[in-house]
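Enquirer: Okay, here's the structure, questions in a sec.
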Amino acid sequence: MSSLIHHSNRCPDQLQKEIAKVLIDYPIWESFRNKSLVITGGTGFFGKWLLYTLARANDELNLNIQVSVLSRNPKKFISEHPYLGMQSRWVFFPGDIQTFSLPSDVQYDWCIHGAASASAKLNSESPLTMFNEVLLGTERCLEESKRANIKRFLFLSSGAVYGKQPENIVHVEENFLGGPDVLKSGNAYGEAKRAAEFLVNEVSRQTGMETIIARAFAFVGPFLPLDTHFAIGNFILSCLKNEPIHIRGDGTPLRSYLYASDLSGWLLTLMALGKSQNAYNVGSDQELSIGELADCVSEVAQRMLNRKIEVIVSGKPQPGKPREIYCPSTQKIKKEFNLKETVGLSEAIERTLGWCLQNQ
């Protein structure tokens, strides 16, 4: 269920329809005209949405965007997404994020660096591997960007850089000075992202390369892995398997979810317009508990699948235990670029479930 493959040479109908609205809602596209972009992490959830959006922008607006995509297995990715492989002047080149070299026959303008596993399993079982993948991969990408004289660099960071969110701060702002507990190995991902942010900004200060940081939170949409550590993906997968939605904890942690089309529009807005050496939260500020999320997924799934989806909560709230929160304030990015969330949560779940039903 986590890998949805498309063998058509045309953009999938749902993506085509949704990205058409992105092209209208986000008036940034002239900034991309004739630009050459490097994208790392282009084959993941974020990357697929960025690539499909840029490809549709090319087709609809004749922008002549050239894209070079780093991939461990380009042939496999293109076979699964032939529409992207057919884009004129797009290059899918092989390499590892810590050792890759950019093709030397291209003049590059901008870079979007998003390559790094967000695997909770890897973070838990091999924290040093996780830490090095994030930090050394970012260092390598910056080195290649300097060598290629890239002018603007968008780093896809994470809300994990804030560490444990205090209970009295429901929406964490970019100026919050907390951070992960460095004595706990389970915080390798968040601490590596923090270190990588420092590295990105220091390169900007030393070289003049314009660097922008996107601190990403939680999302939902087509291409989201359903069988990893993402709660909303797990809940949707349970519905597809005709199983109850099972919450292992007490259902009280707070989360928020931005739909993938808005994610793509927000990130590409930052690439085009973001202020250098600034960090921006990317996500939804519409918080709800995990229990409420499960109920929402169940309600949508019951309507679409015409069968009852039970929600089971195993844990019970512990008196005095602080509530876990992972929600951003998005006032900065909304105010600076006049952005908004265009897709509500129920509709986002409906679109994601519909996509899964068509592509399973």
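Please note that chains go A, B, ... in the order of the structure tokens, that every chain numbers its residues from 1, and that ligands are numbered from 1 in the order shown.
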Could you list, as number ranges by chain, every residue within 12 Å of A:Pro12, counting only C-alpha atoms and ignoring same-chain residues fewer than 2 positions away?

Expert: A: 4-10, 14-19, 52-53, 56, 80-84, 222, 355, 358-359

Enquirer: Sorted by chain and rising residue number, which residues of stretch 173-263 of chain A lie within 9 Å of stretch 158-166 of chain A, and what are their closest atom pairs and distances in Å to one decimal, counting only C-alpha atoms, as a Markdown table?

Expert:
```
| residue | atom | partner | partner_atom | distance |
| --- | --- | --- | --- | --- |
| A:Glu174 | CA | A:Tyr162 | CA | 8.8 |
| A:Phe176 | CA | A:Tyr162 | CA | 7.1 |
| A:Leu177 | CA | A:Tyr162 | CA | 7.2 |
| A:Gly178 | CA | A:Tyr162 | CA | 5.3 |
| A:Gly179 | CA | A:Gly163 | CA | 4.1 |
| A:Pro180 | CA | A:Gly163 | CA | 3.8 |
| A:Asp181 | CA | A:Gly163 | CA | 7.0 |
| A:Asn187 | CA | A:Gly163 | CA | 8.1 |
| A:Tyr189 | CA | A:Ala160 | CA | 7.5 |
| A:Gly190 | CA | A:Ala160 | CA | 4.6 |
| A:Glu191 | CA | A:Val161 | CA | 6.3 |
| A:Ala192 | CA | A:Val161 | CA | 8.3 |
| A:Lys193 | CA | A:Val161 | CA | 6.2 |
| A:Arg194 | CA | A:Val161 | CA | 5.3 |
| A:Ala214 | CA | A:Ser158 | CA | 7.2 |
| A:Arg215 | CA | A:Ser158 | CA | 4.2 |
| A:Ala216 | CA | A:Ser158 | CA | 4.5 |
| A:Phe217 | CA | A:Gly159 | CA | 5.3 |
| A:Ala218 | CA | A:Gly159 | CA | 8.8 |
```

Enquirer: Using only C-alpha atoms for the distances, tell me which of A:Asn149, A:Ser185, A:Gln331, A:Asn201 is nearest to A:Lys275.

Expert: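 Looking only at the distances to A:Lys275, the closest residue turns out to be A:Asn201.
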
Enquirer: Enumerate the residues of stretch 112-333 of chain A with a DSSP assignment of alpha helix (DSSP H), computed from the backbone, and present them as a ChimeraX atom specification.

Expert: /A:120-125,127-147,188-207,231-240,260-273,290-305,331-333

Enquirer: Smallest atom-to-atom distance to A:Gly251: which of A:Asp285, A:Asp13, A:Glu347, A:Glu324, using only C-alpha atoms?

Expert: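 Checking each of A:Asp285, A:Asp13, A:Glu347, A:Glu324 against A:Gly251, counting only C-alpha atoms, the winner is A:Glu324.
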
Enquirer: Hey, could you make a per-residue contact list for stretch 95-138 of chain A against stretch 29-41 of chain A with 9 Å as the cut-off, showing the nearest pair of atoms and its distance in Å to one decimal, counting only C-alpha atoms, sorted by chain and number, as CSV?

Expert:
```
residue,atom,partner,partner_atom,distance
A:Ile97,CA,A:Thr40,CA,7.7
A:Leu102,CA,A:Val38,CA,8.5
A:Val106,CA,A:Ser36,CA,8.2
A:Gln107,CA,A:Ser36,CA,7.0
A:Tyr108,CA,A:Ser36,CA,5.0
A:Asp109,CA,A:Ser36,CA,5.2
A:Trp110,CA,A:Leu37,CA,4.9
A:Cys111,CA,A:Val38,CA,4.6
A:Ile112,CA,A:Ile39,CA,4.8
A:His113,CA,A:Thr40,CA,5.0
A:Gly114,CA,A:Gly41,CA,4.7
A:Ala115,CA,A:Gly41,CA,3.7
A:Ala116,CA,A:Gly41,CA,6.9
A:Ser117,CA,A:Gly41,CA,8.8
```

Enquirer: Any idea what the distance is between atom CA of A:Thr330 and atom CA of A:Glu287?

Expert: 12.0 Å

Enquirer: Tell me which of A:Asn175, A:Thr99, A:Ser126, A:Gln87 sits closest to A:Thr138, counting only C-alpha atoms.

Expert: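 Closest to A:Thr138 of all the choices is A:Thr99.
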
Enquirer: What is the atom CA of A:Asp96-atom CA of A:Glu133 distance in Å, reported with one decimal?

Expert: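 Value for the atom CA of A:Asp96-atom CA of A:Glu133 distance: 9.7 Å.
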